>>> print(open('target.txt').read())   # compact mmCIF, C-alpha atoms
# COMPACT_ATOMS: atom_id res chain seq x y z
CA MET A 1 0.00 0.00 0.00
CA PRO A 2 1.44 3.44 -0.95
CA GLN A 3 2.66 5.45 2.00
CA THR A 4 0.38 8.43 2.77
CA ASP A 5 2.08 9.83 5.87
CA LEU A 6 2.94 13.48 5.44
CA PRO A 7 6.46 14.86 5.88
CA ASP A 8 7.13 17.04 8.88
CA ALA A 9 7.82 20.08 6.71
CA THR A 10 5.47 20.84 3.81
CA PRO A 11 7.23 22.30 0.75
CA PRO A 12 5.96 25.84 0.08
CA ASP A 13 5.03 25.05 -3.53
CA CYS A 14 2.61 22.19 -2.77
CA PRO A 15 -0.72 23.00 -4.48
CA LEU A 16 -4.13 22.52 -2.95
CA THR A 17 -4.54 19.51 -5.24
CA SER A 18 -1.95 17.54 -3.27
CA LYS A 19 -2.44 15.95 0.13
CA GLU A 20 0.34 18.10 1.60
CA GLY A 21 -1.10 21.33 0.21
CA TRP A 22 -4.62 20.37 1.23
CA ARG A 23 -3.55 19.55 4.78
CA ARG A 24 -1.70 22.85 5.04
CA TYR A 25 -4.86 24.65 3.90
CA VAL A 26 -7.04 22.80 6.42
CA GLU A 27 -4.67 23.52 9.30
CA HIS A 28 -4.07 27.19 8.48
CA GLU A 29 -5.57 29.64 10.95
CA SER A 30 -5.29 33.33 10.18
CA THR A 31 -4.51 35.15 13.43
CA PRO A 32 -5.39 38.87 13.43
CA PRO A 33 -2.30 40.92 14.34
CA GLN A 34 -2.48 42.98 17.50
CA LEU A 35 -2.66 46.72 16.93
CA HIS A 36 -0.25 48.81 18.98
CA SER A 37 -1.46 51.97 20.68
CA ALA A 38 -0.21 55.31 19.33
CA ALA A 39 2.36 55.52 22.14
CA GLU A 40 3.54 51.94 21.59
CA ARG A 41 3.84 52.49 17.84
CA ALA A 42 5.80 55.71 18.34
CA ALA A 43 8.26 53.80 20.52
CA LEU A 44 8.99 51.23 17.82
CA THR A 45 12.19 51.45 15.83
CA GLY A 46 11.93 51.90 12.08
CA GLN A 47 12.74 48.25 11.53
CA GLU A 48 10.15 47.11 14.06
CA ARG A 49 7.50 49.29 12.47
CA ASP A 50 8.33 47.96 9.00
CA ARG A 51 8.05 44.41 10.34
CA GLU A 52 4.66 45.17 11.93
CA ASP A 53 3.39 46.79 8.72
CA GLU A 54 4.56 43.85 6.63
CA GLY A 55 2.74 41.43 8.93
CA ARG A 56 -0.46 43.45 8.61
CA ARG A 57 -0.12 43.63 4.82
CA GLU A 58 0.21 39.85 4.71
CA TYR A 59 -2.82 39.46 6.98
CA HIS A 60 -5.02 41.76 4.89
CA ALA A 61 -3.91 40.15 1.64
CA ASN A 62 -5.28 36.86 3.01
CA LEU A 63 -8.25 37.88 5.15
CA PRO A 64 -10.14 35.05 6.88
CA MET A 65 -13.05 33.54 4.96
CA VAL A 66 -16.51 35.00 5.45
CA ASN A 67 -19.32 32.50 5.97
CA THR A 68 -21.67 33.45 3.13
CA PRO A 69 -25.19 32.02 2.63
CA THR A 70 -23.87 29.89 -0.26
CA ILE A 71 -21.13 28.39 1.90
CA ARG A 72 -23.61 27.64 4.67
CA LYS A 73 -26.02 25.95 2.25
CA VAL A 74 -23.29 23.87 0.60
CA ILE A 75 -21.95 22.66 3.95
CA ALA A 76 -25.40 21.86 5.36
CA THR A 77 -26.47 20.00 2.21
CA ALA A 78 -23.26 18.03 1.86
CA ARG A 79 -23.18 17.06 5.54
CA LEU A 80 -26.66 15.58 5.21
CA LEU A 81 -25.74 13.73 2.02
CA ILE A 82 -22.58 12.32 3.64
CA GLN A 83 -24.71 10.83 6.41
CA LEU A 84 -27.29 9.45 3.96
CA ASN A 85 -24.55 7.96 1.75
CA ARG A 86 -22.63 6.32 4.57
CA HIS A 87 -24.35 2.94 4.17
CA GLN A 88 -25.28 3.22 0.50
CA VAL A 89 -23.73 0.52 -1.69
CA SER A 90 -24.36 2.42 -4.92
CA ALA A 91 -26.33 5.36 -6.38
CA ARG A 92 -24.94 7.72 -3.74
CA ARG A 93 -26.19 11.30 -3.94
CA GLY A 94 -23.93 14.29 -4.48
CA VAL A 95 -23.96 18.05 -4.86
CA ILE A 96 -23.07 20.36 -7.74
CA LEU A 97 -22.22 24.02 -7.15
CA SER A 98 -22.88 25.98 -10.34
CA GLY A 99 -22.63 29.66 -11.16
CA ALA A 100 -20.76 32.43 -12.90
CA SER A 101 -17.09 33.16 -12.35
CA GLY A 102 -16.39 35.17 -9.20
CA THR A 103 -19.41 33.96 -7.22
CA GLY A 104 -17.35 32.02 -4.67
CA LYS A 105 -17.77 28.46 -5.95
CA THR A 106 -14.22 27.30 -5.25
CA THR A 107 -14.28 29.02 -1.86
CA ALA A 108 -17.51 27.25 -0.93
CA LEU A 109 -16.19 23.90 -2.18
CA THR A 110 -12.92 24.14 -0.27
CA GLN A 111 -14.62 25.45 2.86
CA LEU A 112 -16.91 22.41 2.72
CA GLY A 113 -13.86 20.14 2.57
CA ARG A 114 -12.11 21.99 5.38
CA ALA A 115 -15.17 21.85 7.64
CA HIS A 116 -15.64 18.14 6.99
CA GLU A 117 -11.99 17.28 7.56
CA LEU A 118 -11.80 19.24 10.82
CA ALA A 119 -15.00 17.55 12.04
CA THR A 120 -13.57 14.14 11.11
CA ARG A 121 -10.35 14.87 12.99
CA ARG A 122 -12.32 15.78 16.09
CA ARG A 123 -14.13 12.43 15.90
CA HIS A 124 -10.90 10.48 15.25
CA PRO A 125 -8.13 12.46 16.97
CA HIS A 126 -5.63 9.58 16.98
CA ASP A 127 -6.05 8.42 13.37
CA GLY A 128 -3.21 10.25 11.65
CA ALA A 129 -3.40 8.07 8.52
CA ARG A 130 -6.95 9.16 7.72
CA LEU A 131 -7.40 11.47 4.71
CA PRO A 132 -11.15 12.08 4.62
CA VAL A 133 -11.13 14.57 1.73
CA ILE A 134 -9.76 14.52 -1.82
CA TYR A 135 -9.58 17.80 -3.77
CA VAL A 136 -8.87 17.71 -7.51
CA THR A 137 -9.50 19.96 -10.50
CA VAL A 138 -10.55 18.81 -13.95
CA PRO A 139 -7.77 19.69 -16.41
CA PRO A 140 -8.65 21.35 -19.73
CA ALA A 141 -9.59 18.90 -22.49
CA ALA A 142 -9.53 16.15 -19.89
CA THR A 143 -9.29 12.50 -20.89
CA PRO A 144 -10.09 9.61 -18.53
CA LYS A 145 -6.38 8.98 -17.91
CA MET A 146 -5.67 12.67 -17.24
CA LEU A 147 -8.52 12.76 -14.75
CA ALA A 148 -7.40 9.58 -12.98
CA THR A 149 -3.87 10.99 -12.84
CA GLU A 150 -5.17 14.05 -10.96
CA PHE A 151 -6.57 11.74 -8.28
CA ALA A 152 -3.27 9.86 -8.12
CA ARG A 153 -1.32 13.12 -7.90
CA PHE A 154 -3.34 14.20 -4.87
CA PHE A 155 -2.14 11.13 -2.98
CA GLY A 156 1.40 11.46 -4.35
CA LEU A 157 1.26 8.03 -5.96
CA PRO A 158 4.38 7.46 -8.06
CA PHE A 159 3.96 6.05 -11.56
CA PRO A 160 6.52 5.53 -14.32
CA LYS A 161 5.98 7.65 -17.40
CA ARG A 162 5.58 4.66 -19.68
CA GLY A 163 3.65 1.42 -19.56
CA VAL A 164 1.01 2.46 -17.03
CA THR A 165 -2.58 1.79 -18.00
CA LEU A 166 -5.69 3.65 -16.91
CA THR A 167 -6.73 0.56 -14.96
CA ASP A 168 -3.43 0.60 -13.05
CA ILE A 169 -3.98 4.20 -11.99
CA VAL A 170 -7.63 3.75 -11.07
CA ASP A 171 -6.95 0.62 -9.00
CA ALA A 172 -4.13 2.34 -7.11
CA VAL A 173 -6.29 5.41 -6.43
CA CYS A 174 -9.23 3.34 -5.19
CA ALA A 175 -7.00 1.18 -2.97
CA THR A 176 -5.35 4.25 -1.43
CA ALA A 177 -8.69 6.02 -0.92
CA ALA A 178 -10.03 2.94 0.87
CA HIS A 179 -6.90 2.69 3.02
CA THR A 180 -7.11 6.37 4.04
CA ARG A 181 -10.92 6.25 4.48
CA VAL A 182 -11.85 8.99 2.03
CA ASP A 183 -15.53 9.89 2.36
CA LEU A 184 -15.72 13.25 0.54
CA VAL A 185 -14.39 13.94 -2.97
CA LEU A 186 -14.26 17.54 -4.20
CA VAL A 187 -13.97 18.05 -7.96
CA ASP A 188 -13.47 21.63 -9.14
CA GLU A 189 -13.52 23.18 -12.65
CA LEU A 190 -16.14 20.69 -13.81
CA HIS A 191 -16.91 22.89 -16.83
CA ASN A 192 -13.61 21.68 -18.34
CA LEU A 193 -15.42 18.43 -19.20
CA ASN A 194 -16.49 18.89 -22.81
CA LEU A 195 -19.23 16.32 -23.26
CA ALA A 196 -19.49 17.16 -26.96
CA THR A 197 -16.19 15.34 -27.53
CA ARG A 198 -15.54 11.64 -27.16
CA SER A 199 -12.72 12.15 -24.66
CA GLY A 200 -14.87 14.53 -22.59
CA ALA A 201 -17.75 12.07 -22.46
CA GLU A 202 -15.36 9.28 -21.49
CA ALA A 203 -13.85 11.48 -18.76
CA SER A 204 -17.37 12.06 -17.43
CA ASP A 205 -17.85 8.29 -17.38
CA GLN A 206 -14.56 7.97 -15.48
CA LEU A 207 -15.86 10.34 -12.80
CA LYS A 208 -19.02 8.25 -12.54
CA TYR A 209 -16.88 5.12 -12.22
CA PHE A 210 -14.91 6.69 -9.36
CA ALA A 211 -18.22 7.60 -7.71
CA GLU A 212 -19.27 3.94 -7.91
CA ARG A 213 -15.93 2.55 -6.71
CA LEU A 214 -15.30 4.99 -3.86
CA PRO A 215 -17.64 4.89 -0.83
CA ALA A 216 -17.70 8.68 -0.74
CA THR A 217 -19.91 11.69 -1.39
CA PHE A 218 -18.92 13.65 -4.49
CA ALA A 219 -19.20 17.45 -4.65
CA TYR A 220 -18.59 19.26 -7.94
CA ALA A 221 -18.15 22.94 -8.79
CA GLY A 222 -18.03 24.63 -12.17
CA ILE A 223 -19.12 27.58 -14.28
CA ASP A 224 -22.76 27.47 -15.41
CA ILE A 225 -22.92 23.68 -15.38
CA GLU A 226 -26.56 23.63 -16.49
CA THR A 227 -25.56 25.12 -19.86
CA GLN A 228 -22.61 22.79 -20.45
CA GLY A 229 -24.69 19.78 -21.47
CA LEU A 230 -23.90 17.84 -18.31
CA PHE A 231 -27.57 16.97 -17.81
CA ALA A 232 -28.27 16.07 -21.45
CA GLY A 233 -28.76 12.56 -22.84
CA THR A 234 -28.61 9.28 -20.97
CA ARG A 235 -25.52 10.27 -18.97
CA GLY A 236 -27.05 13.61 -18.09
CA ARG A 237 -30.33 12.16 -16.88
CA GLN A 238 -28.44 9.85 -14.54
CA ILE A 239 -26.39 12.74 -13.14
CA ALA A 240 -29.52 14.90 -12.77
CA GLY A 241 -31.17 12.09 -10.80
CA ARG A 242 -28.32 11.81 -8.31
CA PHE A 243 -27.09 15.36 -7.70
CA VAL A 244 -28.47 18.36 -5.89
CA VAL A 245 -27.64 21.59 -7.75
CA ILE A 246 -26.87 24.64 -5.62
CA PRO A 247 -26.65 27.91 -7.57
CA ALA A 248 -23.84 30.31 -6.78
CA ALA A 249 -25.05 33.76 -7.79
CA PRO A 250 -24.02 37.36 -7.17
CA PHE A 251 -25.64 38.99 -4.16
CA SER A 252 -28.87 40.82 -4.93
CA HIS A 253 -29.71 44.39 -3.97
CA ALA A 254 -33.35 44.36 -5.03
CA THR A 255 -35.14 44.25 -1.68
CA ALA A 256 -34.54 45.70 1.76
CA ALA A 257 -33.67 42.20 3.02
CA ASP A 258 -31.14 41.77 0.18
CA GLN A 259 -29.56 45.09 1.01
CA GLU A 260 -29.34 44.19 4.70
CA THR A 261 -27.69 40.86 3.86
CA TRP A 262 -25.12 42.66 1.73
CA ARG A 263 -24.56 45.30 4.41
CA ALA A 264 -23.99 42.57 7.00
CA LEU A 265 -21.44 40.91 4.71
CA VAL A 266 -19.57 44.20 4.31
CA GLY A 267 -19.70 44.72 8.07
CA THR A 268 -18.23 41.29 8.70
CA LEU A 269 -15.33 41.99 6.36
CA GLU A 270 -14.81 45.40 7.94
CA SER A 271 -14.64 43.86 11.41
CA LEU A 272 -11.61 41.87 10.28
CA LEU A 273 -9.55 44.95 9.39
CA ARG A 274 -6.51 45.84 11.45
CA LEU A 275 -5.87 49.48 10.55
CA HIS A 276 -4.85 52.14 13.08
CA GLU A 277 -7.10 55.00 11.88
CA HIS A 278 -10.07 53.19 10.34
CA ALA A 279 -13.39 54.12 11.97
CA PRO A 280 -15.73 51.12 12.37
CA GLY A 281 -18.82 51.46 10.19
CA THR A 282 -17.10 53.41 7.42
CA LEU A 283 -17.40 50.58 4.88
CA THR A 284 -20.90 49.66 6.03
CA GLN A 285 -21.99 53.22 5.22
CA MET A 286 -20.54 52.72 1.72
CA SER A 287 -22.29 49.39 1.16
CA ASP A 288 -24.36 50.73 -1.76
CA TYR A 289 -21.22 51.99 -3.49
CA LEU A 290 -19.45 48.68 -2.84
CA PHE A 291 -22.36 46.75 -4.35
CA HIS A 292 -22.43 48.82 -7.51
CA ARG A 293 -18.65 48.70 -7.80
CA THR A 294 -18.48 44.90 -7.52
CA GLY A 295 -21.82 43.85 -9.01
CA GLY A 296 -22.51 41.87 -5.84
CA MET A 297 -19.64 39.45 -6.56
CA ILE A 298 -18.10 38.16 -3.33
CA GLY A 299 -14.73 37.59 -5.02
CA SER A 300 -14.61 41.17 -6.30
CA LEU A 301 -15.70 42.58 -2.93
CA SER A 302 -12.97 40.65 -1.14
CA GLN A 303 -10.35 41.85 -3.61
CA LEU A 304 -11.53 45.45 -3.30
CA ILE A 305 -11.42 45.57 0.50
CA ARG A 306 -8.20 43.59 0.82
CA GLY A 307 -6.50 45.77 -1.78
CA ALA A 308 -7.63 49.01 -0.15
CA ALA A 309 -6.40 47.80 3.24
CA VAL A 310 -2.95 47.05 1.83
CA LEU A 311 -2.83 50.48 0.16
CA ALA A 312 -3.91 52.15 3.43
CA ILE A 313 -0.91 50.61 5.18
CA GLU A 314 1.47 51.47 2.36
CA ASP A 315 0.48 55.15 2.12
CA GLY A 316 0.33 55.55 5.91
CA SER A 317 -3.30 56.73 6.00
CA GLU A 318 -4.33 53.58 7.93
CA ARG A 319 -7.97 53.91 6.93
CA ILE A 320 -10.07 52.97 3.91
CA THR A 321 -11.76 55.81 2.06
CA ARG A 322 -13.72 55.89 -1.17
CA GLU A 323 -10.79 57.57 -2.87
CA LEU A 324 -8.56 54.67 -1.86
CA LEU A 325 -11.12 52.12 -3.01
CA GLU A 326 -11.15 53.79 -6.43
CA LEU A 327 -7.44 52.98 -6.80
CA VAL A 328 -7.97 49.23 -6.47
CA PRO A 329 -8.27 47.53 -9.88
CA LEU A 330 -11.02 44.96 -10.25
CA ASP A 331 -11.63 42.16 -12.71
CA PHE A 332 -13.11 42.99 -16.12
CA ALA A 333 -16.46 41.32 -15.33
CA ALA A 334 -16.98 43.43 -12.21
CA GLU A 335 -16.07 46.63 -14.03
CA GLN A 336 -18.49 45.82 -16.86
CA THR A 337 -21.29 45.04 -14.40
CA GLN A 338 -20.58 48.28 -12.55
CA ARG A 339 -21.03 50.26 -15.77
CA LEU A 340 -24.40 48.60 -16.38
CA ILE A 341 -25.96 48.94 -12.93
CA THR A 342 -24.47 52.15 -11.51
CA PRO A 343 -26.85 55.15 -11.78
CA ALA A 344 -25.68 58.02 -13.97
CA GLY A 345 -25.29 60.37 -11.01
CA ALA A 346 -23.06 57.95 -9.22
CA LYS A 347 -20.96 57.50 -12.37
CA SER A 348 -20.37 61.23 -12.63
CA ARG A 349 -19.42 61.40 -8.96
CA ARG A 350 -16.96 58.55 -9.51
CA ARG A 351 -15.35 60.39 -12.43
CA SER A 352 -14.94 63.49 -10.27
CA VAL A 353 -13.30 61.44 -7.53
CA ALA A 354 -10.91 59.81 -10.01
>>> encode(input="target.txt", output="structure tokens")
Amino acid sequence: MPQTDLPDATPPDCPLTSKEGWRRYVEHESTPPQLHSAAERAALTGQERDREDEGRREYHANLPMVNTPTIRKVIATARLLIQLNRHQVSARRGVILSGASGTGKTTALTQLGRAHELATRRRHPHDGARLPVIYVTVPPAATPKMLATEFARFFGLPFPKRGVTLTDIVDAVCATAAHTRVDLVLVDELHNLNLATRSGAEASDQLKYFAERLPATFAYAGIDIETQGLFAGTRGRQIAGRFVVIPAAPFSHATAADQETWRALVGTLESLLRLHEHAPGTLTQMSDYLFHRTGGMIGSLSQLIRGAAVLAIEDGSERITRELLELVPLDFAAEQTQRLITPAGAKSRRRSVA
């Protein structure tokens, strides 16, 4: 049986799609840095102040995750399915997270895996060989062998470059998964499966085969899965009959309840800031602006606030203002959405600020 024990020191370049990188992600806890008082900061040497500022820049660049409604729904649904699947011999149910880019699909998927692994560790504190979660991504133009290789790579299973068959890889993966008691499989970038091609359809069949061989719950995430043909034809009808689809959508601003949900999200992110001069509630008061700037995309909102916090430390202002937020570049999709939904008056005010 391949050895799955982790080395004491994890190499810094291990991706999330390896057992070492995944374990590092699960075990990482972001600790908010302590803010010095004005007198304490004045007493610091230049080198000490630079070191403190660098630590705060690193913290803000990687702010702790915010528990969004989508994340809560994915975790609650998957936890129930894991329990229901525990004694199922076949036809186990799974979950598909589908939505546009930037709606937090990967974050929700990985947070599901992290929550499940931490819960499993609490139940089995002395079982160091257990790897309850696999996380893989579907490579572009995936073939069955490429997909199986991604599973093998997660475990670190060594294979020679020549003479290895798909059956060899699949058998090794299934044996290792059984040995390490995998019970949740996360598959990201599902939209890379092109079911219009023979290799894409065969790769989809390979995923189904893994789902039959592994006594685990499968959770998928991808861009607009409903439009990719995954539910079409005989294969699609079988998938549709076994998977719960959870939409990942931008936040809405249509009703008072929607606006309050968005404002609460902004407030949660603001509470995580560690800036010397930032007045609590400043970002919450700008929640309408933040919505129109980001189009309600959680990924864009996170980038905007994290970027502004880093700039606030770098320029010494130590607080986030609208002027500073305007300096943070956002993705093209968010900028296009902002142009479509921002009222004309707000657009003119933005131009005057810039």
>>> atom_distance(input="target.txt", atom1="CA of Ala240 (chain A)", atom2="CA of Pro144 (chain A)")
20.9 Å
>>> atom_distance(input="target.txt", atom1="CA of Phe332 (chain A)", atom2="CA of Ser101 (chain A)")
11.3 Å
>>> residues_around(input="target.txt", residues="Glu189 (chain A)", least_positions_apart="5", cutoff="6 Å", atoms="only C-alpha atoms", output="list in words")
Thr137, Val138 and Gly222 of chain A
>>> closest_residue(input="target.txt", among="A:Tyr135, A:Phe243, A:Tyr59, A:Tyr209", to="Gly94 (chain A)", atoms="all atoms listed in the file")
A:Phe243
>>> residues_around(input="target.txt", residues="Ile298 (chain A)", least_positions_apart="6", cutoff="9 Å", atoms="all atoms listed in the file", output="JSON, numbers by chain")
{"A": [68, 102, 103, 104, 250, 251]}
>>> atom_distance(input="target.txt", atom1="CA of Thr282 (chain A)", atom2="CA of Gly296 (chain A)")
18.4 Å
>>> residues_around(input="target.txt", residues="Pro329 (chain A)", least_positions_apart="3", cutoff="12 Å", atoms="only C-alpha atoms", output="list of chain:residue names")
A:Arg293, A:Thr294, A:Ser300, A:Leu301, A:Gln303, A:Leu304, A:Ile305, A:Arg306, A:Gly307, A:Ala308, A:Leu311, A:Leu324, A:Leu325, A:Glu326, A:Phe332, A:Ala333, A:Ala334, A:Glu335
>>> closest_residue(input="target.txt", among="A:Thr180, A:Thr234, A:Ser271, A:Thr77", to="Ala201 (chain A)", atoms="only C-alpha atoms")
A:Thr234
>>> closest_atom_pairs(input="target.txt", of="region 210-319 of chain A", to="region 35-41 of chain A", cutoff="9 Å", atoms="only C-alpha atoms", output="CSV")
residue,atom,partner,partner_atom,distance
A:Arg274,CA,A:Leu35,CA,6.8
A:Leu275,CA,A:Leu35,CA,7.7
A:His276,CA,A:Leu35,CA,7.0
>>> closest_residue(input="target.txt", among="A:Gln238, A:Gln228, A:Thr17, A:Asn192", to="Arg153 (chain A)", atoms="only C-alpha atoms")
A:Thr17
>>> closest_residue(input="target.txt", among="A:Ala221, A:Val185, A:Leu195, A:Val26", to="Gly236 (chain A)", atoms="only C-alpha atoms")
A:Leu195
>>> residues_around(input="target.txt", residues="Gly267 (chain A)", least_positions_apart="5", cutoff="10 Å", atoms="all atoms listed in the file", output="PyMOL selection string")
chain A and resi 261-262+272+280-285+287
>>> axis_aligned_box(input="target.txt", around="region 172-175 of chain A", padding_each_side="3 Å", output="JSON")
{"center_x": -6.7, "center_y": 3.3, "center_z": -5.0, "size_x": 11.1, "size_y": 10.2, "size_z": 10.1}
>>> closest_residue(input="target.txt", among="A:Ala256, A:Ala211, A:Pro33, A:Leu81", to="Arg51 (chain A)", atoms="only C-alpha atoms")
A:Pro33
>>> closest_residue(input="target.txt", among="A:Asp224, A:Asp331, A:Glu270, A:Glu117", to="Val182 (chain A)", atoms="only C-alpha atoms")
A:Glu117
>>> residues_around(input="target.txt", residues="Leu186 (chain A)", least_positions_apart="6", cutoff="8 Å", atoms="all atoms listed in the file", output="NGL selection string")
:A and (109-110 or 113 or 133-136 or 218-220)
